[in-house]
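Single-structure report; data block below.
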Amino acid sequence: MDHLIQAFGLVFEPYVLMVIVASALYGLFVGAIPGLTATMATALLVPVTFFMPPVPAVAAIVTATAMAIFSGDIPGALLRIPGTPASAAYCDEAYAMTQKGQAEVVLGAGLVFSVIGGIFGTIVLVTAAPTLADVALNFSSFEYFWLVLLGLTCAIFIASNNVLKAFVSLMIGLLIAAVGMENPAAFPRFSFDEPNLMGGISLIPMMVGLFAVSEVLRYVTSIERPLQLAQEKFGSIFKGQWALVRQYPVQTLRGSALGTLIGALPGAGADIAAWMSYAMSKKFSKQPEKFGTGHVEGVIESGAANNSALSGAWIPALVFGIPGDSITAIAIGVLYLKNMNPGPMIFIDNPQNIYAVFIVFFLANLLMLPLGVLAIKSYKQVLKVPRAVLMPLILLFCTVGAFAINNSAFDIGVMLAFGVLAFVMEENGFPVAPVILGAVLGRMLEENFVTSLIKADGHFVPFFNRPIAGVLALITIAVWISPLLILWWRRRARAATA
Amino acid sequence: MKFNDSIVGTGLIAFAGAILWNARGFPSMPGDQVGPALFPQLIAAGLAICGAIFVIQAARRRAGTPWIELPDWIRAPRQVAGFAVVTLGLLAYSLVVETLGFFVCAPLLLGALLAVLRVRTWTVPLIAIGASVLIHFIFYKGLGVPLPWGLLQSWAW
């Protein structure tokens with residue numbers, strides 16, 4: 001209880017509240033501009049949060065991302081361009097509603113059900129994380145090894161439609177983690193006698209490159225079309241929303257639950273949660289034929305899902321240090337820099353910080369209601385900000401931010417290299433999220449593997465004969481062989497019908 | 001720039017070879033089964049297997065996709081210029097910022113990109129210098145980042 005009071009004290013402090021409001025406005029703005037994603041919002045925030053105490057730093061990331069995921073719905077409904085990838089799943093549906101004259105309904109639903117989803121995910125986070133942390137206290141290197149491996153496995157098999165390409169991305173990420181001396185043998189690998197590489201590749205400049213510079217490159221190489229708003233003035237945003245809440249309680253709950261679950265799986269974040277929820281909504285709907293013609297049901301379910309996924313992603317991130325999506329991967333990088341290493345110990349050593357993070361989650365989601373209305377009403381003005389000016393400013397901001405982490409111009413080169421890498425990878429259909437997961441988790445994977453192997457005296461049996469480790473191992477292996485099983489199943493089915 | 005699957009595959013195999021070649025000099029740990037070379041070797045093996053699958057898949061399809069498919073923007077001079085300014089400009093920035101200083105490099109980088117993106121000519125220097133001063137203020141004064149002064153060292157504040 002003392003910790004809870006302490007936590008309130010940490011959050012309800014003028015500086016932290018100011019950070020929350022500022023990052024809320026920033027998140028709404030970034031999410032609402034097509035071409036700027038929530039992940040990019042996080043990557044751009046990091047150099048600034050680097051100079052803050054842990055609680056405001058995390059508060060800034062949590063608030064900005066929650067807002068950005070909601071405000072990505074606005075250009076989806078008004079321009080038919082999703083503001084962030086998380087709104088892509090129901091963008092056409094939302095735009096169809098706007099064309100039917102229901103812009104207020106769809107934007108209001110996006111807002112209200114984002115808040116409901118976000119709060120649902122937060123409640124799960126608040127209840128599940130401490131319980132899981134208790135379990136995780138008994139984990140040894142064996143459990144952690146399998147947990148990391150399972151996380152990386154999910155990132156490849158669930159979060160991507162091309163397993164092969166996702167696997168290559170993951171290998172690149174793991175290789176990045178291998179650079180430098182931070183390995184069990186403390187031997188400098190792949191550092192080519194470059195002193196800047198001895199400590200490994202700095203995560204923050206790398207992330208800024210992967211998620212922000214690549215977007216700038218995509219912008220400068222695209223042919224810009226003028227944006228035409230489908231509707232500019234809006235009536236009451238909340239009118240009729242209560243009726244929707246009462247009409248679609250199952251959909252809301254299902255979307256929130258699925259979103260939280262998908263979010264908690266490593267590698268899969270808000271965008272995949274939205275796609276899966278939309279598909280699920282259509283499948284179980286009593287009126288599936290209305291989907292795609294401007295029907296609010298799917299928007300409600302997947303709109304709740306993408307915001308709950310955001311909270312869900314923090315469960316494995318805080319409890320095990322295994323990020324649930326790219327955003328938490330970046331956040332974990334920040335936590336490490338702040339010496340607030342995620343893991344079960346944080347719940348014992350710094351419970352007030354964890355509670356403070358929980359409070360911020362609630363606060364951010366509640367703040368979304370008034371600020372969201374503001375964002376919708378002022379969207380016409382937001383779009384007036386010329387992207388041709390915005391993008392160069394973002395680039396300079398990235399450059400200075402990458403420099404600021406280690407005061408090193410070398411890191412600007414690192415940022416550029418990863419920006420180009422992400423740009424080329426995406427042009428060729430390689431997902432970027434596994435790279436970041438591999439880079440963040442590579443050391444943890446190797447350390448736990450080597451420690452376990454030494455403990456086990458080189459034998460593999462101890463990897464399996466602790467109960468939790470055994471179960472984790474079983475699940476991991478099952479996911480690995482599932483594609484083969486499915487293939488075999490299909491062949492057999494085909495042979496049977498032939 | 002889109003690469004054909006067989007190019008991607010061959011590239012991955014070559015890359016895996018380079019990793020193995022580099023890792024061959026890693027020491028083994030006395031008494032331990034695993035040394036620092038094991039992880040890179042596993043990664044290289046993974047990349048090589050993926051590379052091989054890419055090559056086999058491409059050979060099976062035998063469809064006449066070109067080796068390298070150039071993107072549409074390569075024929076648009078403004079887009080090419082934008083790509084060049086971002087990549088080469090940033091590279092140059094990282095190499096010379098410590099000698100020339102932030103206030104020389106930042107407005108030049110910004111100005112070049114603004115000009116390529118066809119921002120109105122008379123506003124380019126205004127935005128380039130104004131934004132540089134603002135960002136300098138945020139990071140140098142606000143966050144205490146020692147952005148390099150370079151040539152302007154004597155005017156440092």
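In the structure tokens, each chain is lettered A, B, ... as it comes, each chain's residues begin at 1, and ligands are numbered from 1 in order of appearance.
All residues of protein, DNA or RNA that reach within 12 Å of Ala456 of chain A, judged by only C-alpha atoms and not counting those fewer than 4 positions away in the chain, are Ser141, Phe142, Asn448, Phe449, Val450, Thr451, Ser452, Phe460, Val461, Pro462, Phe463, Phe464, Asn465 and Arg466 of chain A; Asp32 and Gln33 of chain B.
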Can I get the residues of chain B within 8 Å of chain A, each with the closest pair of atoms and their distance in Å to one decimal, using only C-alpha atoms, sorted chain first then ascending number, as a Markdown table?
```
| residue | atom | partner | partner_atom | distance |
| --- | --- | --- | --- | --- |
| B:Met1 | CA | A:Glu427 | CA | 6.5 |
| B:Lys2 | CA | A:Asn428 | CA | 5.4 |
| B:Phe3 | CA | A:Asn428 | CA | 6.8 |
| B:Asn22 | CA | A:Phe190 | CA | 7.3 |
| B:Ala23 | CA | A:Arg189 | CA | 7.7 |
| B:Phe26 | CA | A:Arg189 | CA | 7.8 |
| B:Met29 | CA | A:Ala185 | CA | 7.6 |
| B:Asp32 | CA | A:Ile454 | CA | 7.2 |
| B:Gln33 | CA | A:Gly458 | CA | 6.6 |
| B:Val34 | CA | A:Val450 | CA | 7.0 |
| B:Gly35 | CA | A:Ala185 | CA | 6.9 |
| B:Pro36 | CA | A:Ala185 | CA | 6.0 |
| B:Phe39 | CA | A:Glu446 | CA | 7.1 |
| B:Pro40 | CA | A:Leu175 | CA | 6.8 |
| B:Ile43 | CA | A:Met171 | CA | 5.8 |
| B:Gly46 | CA | A:Met171 | CA | 7.1 |
| B:Leu47 | CA | A:Val168 | CA | 6.2 |
| B:Cys50 | CA | A:Leu164 | CA | 6.6 |
| B:Trp73 | CA | A:Thr221 | CA | 6.0 |
| B:Gln79 | CA | A:Thr221 | CA | 4.6 |
| B:Val80 | CA | A:Thr221 | CA | 6.9 |
| B:Gly82 | CA | A:Val220 | CA | 5.2 |
| B:Phe83 | CA | A:Leu217 | CA | 6.2 |
| B:Val86 | CA | A:Leu217 | CA | 7.0 |
| B:Thr87 | CA | A:Leu416 | CA | 6.9 |
| B:Leu90 | CA | A:Leu416 | CA | 6.8 |
| B:Leu91 | CA | A:Gly413 | CA | 6.3 |
| B:Ser94 | CA | A:Ala409 | CA | 5.2 |
| B:Leu95 | CA | A:Ala409 | CA | 7.2 |
| B:Val97 | CA | A:Ala409 | CA | 7.4 |
| B:Glu98 | CA | A:Ala409 | CA | 7.4 |
| B:Ala106 | CA | A:Leu396 | CA | 7.0 |
| B:Leu109 | CA | A:Leu396 | CA | 7.9 |
| B:Leu110 | CA | A:Pro392 | CA | 5.8 |
| B:Leu113 | CA | A:Pro392 | CA | 6.1 |
| B:Leu114 | CA | A:Pro392 | CA | 6.4 |
| B:Leu117 | CA | A:Ala388 | CA | 5.6 |
| B:Arg118 | CA | A:Ala388 | CA | 7.5 |
| B:Val119 | CA | A:Ala388 | CA | 6.5 |
| B:Ala131 | CA | A:Leu393 | CA | 7.2 |
| B:Ile135 | CA | A:Phe397 | CA | 7.1 |
| B:Phe139 | CA | A:Val400 | CA | 7.8 |
| B:Leu143 | CA | A:Phe51 | CA | 6.5 |
| B:Val145 | CA | A:Ala404 | CA | 5.8 |
| B:Pro146 | CA | A:Asn407 | CA | 7.0 |
| B:Leu147 | CA | A:Asn407 | CA | 7.7 |
```
Written selection (C-alpha atoms) as a PDB file, in the first residue's frame:
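As a result, out-v4.pdb now contains:
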```
ATOM      1  CA  MET B   1      15.243  -1.911 -55.173  1.00  0.00           C
ATOM      2  CA  LYS B   2      13.851  -5.416 -55.374  1.00  0.00           C
ATOM      3  CA  PHE B   3      16.246  -8.326 -55.619  1.00  0.00           C
ATOM      4  CA  ASN B  22      35.467 -14.013 -39.395  1.00  0.00           C
ATOM      5  CA  ALA B  23      34.520 -16.345 -36.554  1.00  0.00           C
ATOM      6  CA  PHE B  26      37.587 -16.739 -32.171  1.00  0.00           C
ATOM      7  CA  MET B  29      37.314 -21.490 -23.940  1.00  0.00           C
ATOM      8  CA  ASP B  32      34.028 -25.245 -21.775  1.00  0.00           C
ATOM      9  CA  GLN B  33      32.092 -26.783 -24.606  1.00  0.00           C
ATOM     10  CA  VAL B  34      31.001 -23.463 -25.987  1.00  0.00           C
ATOM     11  CA  GLY B  35      33.175 -20.565 -26.999  1.00  0.00           C
ATOM     12  CA  PRO B  36      32.330 -17.176 -28.450  1.00  0.00           C
ATOM     13  CA  PHE B  39      26.530 -18.347 -31.614  1.00  0.00           C
ATOM     14  CA  PRO B  40      27.836 -16.662 -34.755  1.00  0.00           C
ATOM     15  CA  ILE B  43      23.508 -17.701 -37.011  1.00  0.00           C
ATOM     16  CA  GLY B  46      20.644 -20.358 -40.187  1.00  0.00           C
ATOM     17  CA  LEU B  47      21.361 -17.727 -42.832  1.00  0.00           C
ATOM     18  CA  CYS B  50      17.584 -19.800 -45.643  1.00  0.00           C
ATOM     19  CA  TRP B  73      11.257   6.291 -58.279  1.00  0.00           C
ATOM     20  CA  GLN B  79      13.049  11.261 -55.695  1.00  0.00           C
ATOM     21  CA  VAL B  80      16.579  10.151 -56.556  1.00  0.00           C
ATOM     22  CA  GLY B  82      15.910  13.056 -52.103  1.00  0.00           C
ATOM     23  CA  PHE B  83      17.350   9.602 -51.531  1.00  0.00           C
ATOM     24  CA  VAL B  86      19.295  11.719 -47.044  1.00  0.00           C
ATOM     25  CA  THR B  87      21.913   8.979 -47.432  1.00  0.00           C
ATOM     26  CA  LEU B  90      23.830  12.047 -43.488  1.00  0.00           C
ATOM     27  CA  LEU B  91      27.062  10.209 -44.219  1.00  0.00           C
ATOM     28  CA  SER B  94      28.509  12.168 -39.571  1.00  0.00           C
ATOM     29  CA  LEU B  95      32.025  12.512 -40.978  1.00  0.00           C
ATOM     30  CA  VAL B  97      30.159  17.482 -38.005  1.00  0.00           C
ATOM     31  CA  GLU B  98      32.873  17.327 -35.377  1.00  0.00           C
ATOM     32  CA  ALA B 106      22.659  21.093 -39.735  1.00  0.00           C
ATOM     33  CA  LEU B 109      21.540  19.203 -44.474  1.00  0.00           C
ATOM     34  CA  LEU B 110      18.127  20.669 -43.725  1.00  0.00           C
ATOM     35  CA  LEU B 113      16.481  18.317 -48.192  1.00  0.00           C
ATOM     36  CA  LEU B 114      13.939  21.150 -48.022  1.00  0.00           C
ATOM     37  CA  LEU B 117      11.275  18.498 -51.443  1.00  0.00           C
ATOM     38  CA  ARG B 118      10.295  21.737 -53.217  1.00  0.00           C
ATOM     39  CA  VAL B 119       9.568  23.847 -50.211  1.00  0.00           C
ATOM     40  CA  ALA B 131      14.923  24.836 -37.003  1.00  0.00           C
ATOM     41  CA  ILE B 135      16.882  21.900 -32.093  1.00  0.00           C
ATOM     42  CA  PHE B 139      19.361  19.494 -27.003  1.00  0.00           C
ATOM     43  CA  LEU B 143      19.220  18.361 -22.357  1.00  0.00           C
ATOM     44  CA  VAL B 145      24.074  17.421 -25.146  1.00  0.00           C
ATOM     45  CA  PRO B 146      27.482  18.791 -26.200  1.00  0.00           C
ATOM     46  CA  LEU B 147      26.674  19.352 -29.853  1.00  0.00           C
TER      47      LEU B 147
END
```
What residues in segment 281-391 of chain A get the DSSP label helix (DSSP H, G or I)? Please answer as a PyMOL selection string. chain A and resi 281-284+288-290+296-312+314-320+326-337+345-349+351-377+379-384+387-391
Convert the current residue selection to file output with C-alpha atoms, as a compact mmCIF listing (two decimals), in the first residue's frame.
```txt
# COMPACT_ATOMS: atom_id res chain seq x y z
CA SER A 281 -15.34 -10.19 -35.95
CA LYS A 282 -16.44 -10.94 -39.50
CA LYS A 283 -16.34 -14.67 -38.90
CA PHE A 284 -18.54 -14.59 -35.80
CA PRO A 288 -20.90 -10.81 -42.14
CA GLU A 289 -22.29 -9.61 -45.48
CA LYS A 290 -22.31 -6.04 -44.18
CA VAL A 296 -19.24 -0.40 -37.49
CA GLU A 297 -19.01 -3.84 -35.87
CA GLY A 298 -15.52 -4.73 -37.15
CA VAL A 299 -14.20 -1.26 -36.43
CA ILE A 300 -15.32 -1.64 -32.81
CA GLU A 301 -13.72 -5.02 -32.31
CA SER A 302 -10.40 -4.30 -33.99
CA GLY A 303 -10.29 -0.73 -32.70
CA ALA A 304 -10.44 -2.13 -29.17
CA ALA A 305 -7.91 -4.83 -30.09
CA ASN A 306 -5.11 -2.57 -31.28
CA ASN A 307 -5.17 -0.47 -28.13
CA SER A 308 -5.39 -3.45 -25.79
CA ALA A 309 -2.45 -5.01 -27.65
CA LEU A 310 -0.36 -2.03 -26.64
CA SER A 311 -0.91 -2.75 -22.94
CA GLY A 312 -0.60 -6.50 -23.45
CA TRP A 314 4.11 -4.66 -21.68
CA ILE A 315 3.31 -7.88 -19.77
CA PRO A 316 6.26 -9.97 -21.02
CA ALA A 317 8.36 -6.80 -21.33
CA LEU A 318 8.11 -5.89 -17.64
CA VAL A 319 8.01 -9.42 -16.21
CA PHE A 320 10.65 -11.18 -18.31
CA SER A 326 8.63 -3.25 -31.52
CA ILE A 327 7.47 -0.42 -29.25
CA THR A 328 8.22 -2.31 -26.05
CA ALA A 329 11.51 -3.46 -27.59
CA ILE A 330 12.50 0.19 -27.80
CA ALA A 331 11.11 0.81 -24.30
CA ILE A 332 13.20 -2.04 -22.90
CA GLY A 333 16.26 -0.44 -24.44
CA VAL A 334 15.37 2.73 -22.52
CA LEU A 335 14.82 0.83 -19.26
CA TYR A 336 18.24 -0.80 -19.55
CA LEU A 337 19.84 2.60 -20.08
CA MET A 345 13.15 -8.44 -9.52
CA ILE A 346 11.85 -5.03 -10.53
CA PHE A 347 8.53 -5.95 -8.87
CA ILE A 348 10.37 -6.49 -5.59
CA ASP A 349 13.07 -3.85 -5.76
CA PRO A 351 7.39 -1.80 -6.93
CA GLN A 352 6.56 1.90 -6.73
CA ASN A 353 7.99 2.41 -10.24
CA ILE A 354 5.92 -0.45 -11.60
CA TYR A 355 2.76 0.83 -9.94
CA ALA A 356 3.54 4.25 -11.34
CA VAL A 357 3.72 2.76 -14.83
CA PHE A 358 0.32 1.12 -14.25
CA ILE A 359 -1.18 4.42 -13.12
CA VAL A 360 0.22 6.10 -16.21
CA PHE A 361 -1.52 3.50 -18.37
CA PHE A 362 -4.91 4.31 -16.83
CA LEU A 363 -4.25 8.02 -16.98
CA ALA A 364 -3.16 7.93 -20.62
CA ASN A 365 -6.24 5.99 -21.67
CA LEU A 366 -8.59 8.34 -19.82
CA LEU A 367 -6.82 11.40 -21.16
CA MET A 368 -7.48 10.01 -24.63
CA LEU A 369 -11.19 10.89 -24.42
CA PRO A 370 -10.92 14.70 -24.26
CA LEU A 371 -7.73 14.96 -26.30
CA GLY A 372 -9.05 12.54 -28.89
CA VAL A 373 -12.06 14.77 -29.54
CA LEU A 374 -9.68 17.70 -29.86
CA ALA A 375 -7.59 15.77 -32.40
CA ILE A 376 -10.65 14.89 -34.50
CA LYS A 377 -12.05 18.41 -34.44
CA TYR A 379 -7.72 17.45 -37.93
CA LYS A 380 -8.05 19.89 -40.80
CA GLN A 381 -5.41 22.08 -39.16
CA VAL A 382 -3.16 19.09 -38.40
CA LEU A 383 -3.10 18.22 -42.10
CA LYS A 384 -2.02 21.75 -42.95
CA ARG A 387 5.11 17.07 -44.70
CA ALA A 388 7.82 18.43 -46.97
CA VAL A 389 8.91 20.59 -44.03
CA LEU A 390 8.14 18.04 -41.34
CA MET A 391 10.27 15.24 -42.78
```
Check the DSSP output for the backbone and give back, as a list in words, the residues of chain B in strand (DSSP E or B).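 DSSP-assigned strand (DSSP E or B) residues in chain B: Lys2, Phe3, Ile68 and Glu69 of chain B.
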Report, in Å to a single decimal, how far apart atom CA of Ala166 of chain A and atom CA of Ser482 of chain A are. 16.1 Å
Can you pull out the residues contacting Ala48 of chain B? Cut-off 8 Å, using only C-alpha atoms, and skip same-chain residues under 6 positions away; I want them as a VMD selection string. chain B and resid 12 to 14 16 to 17
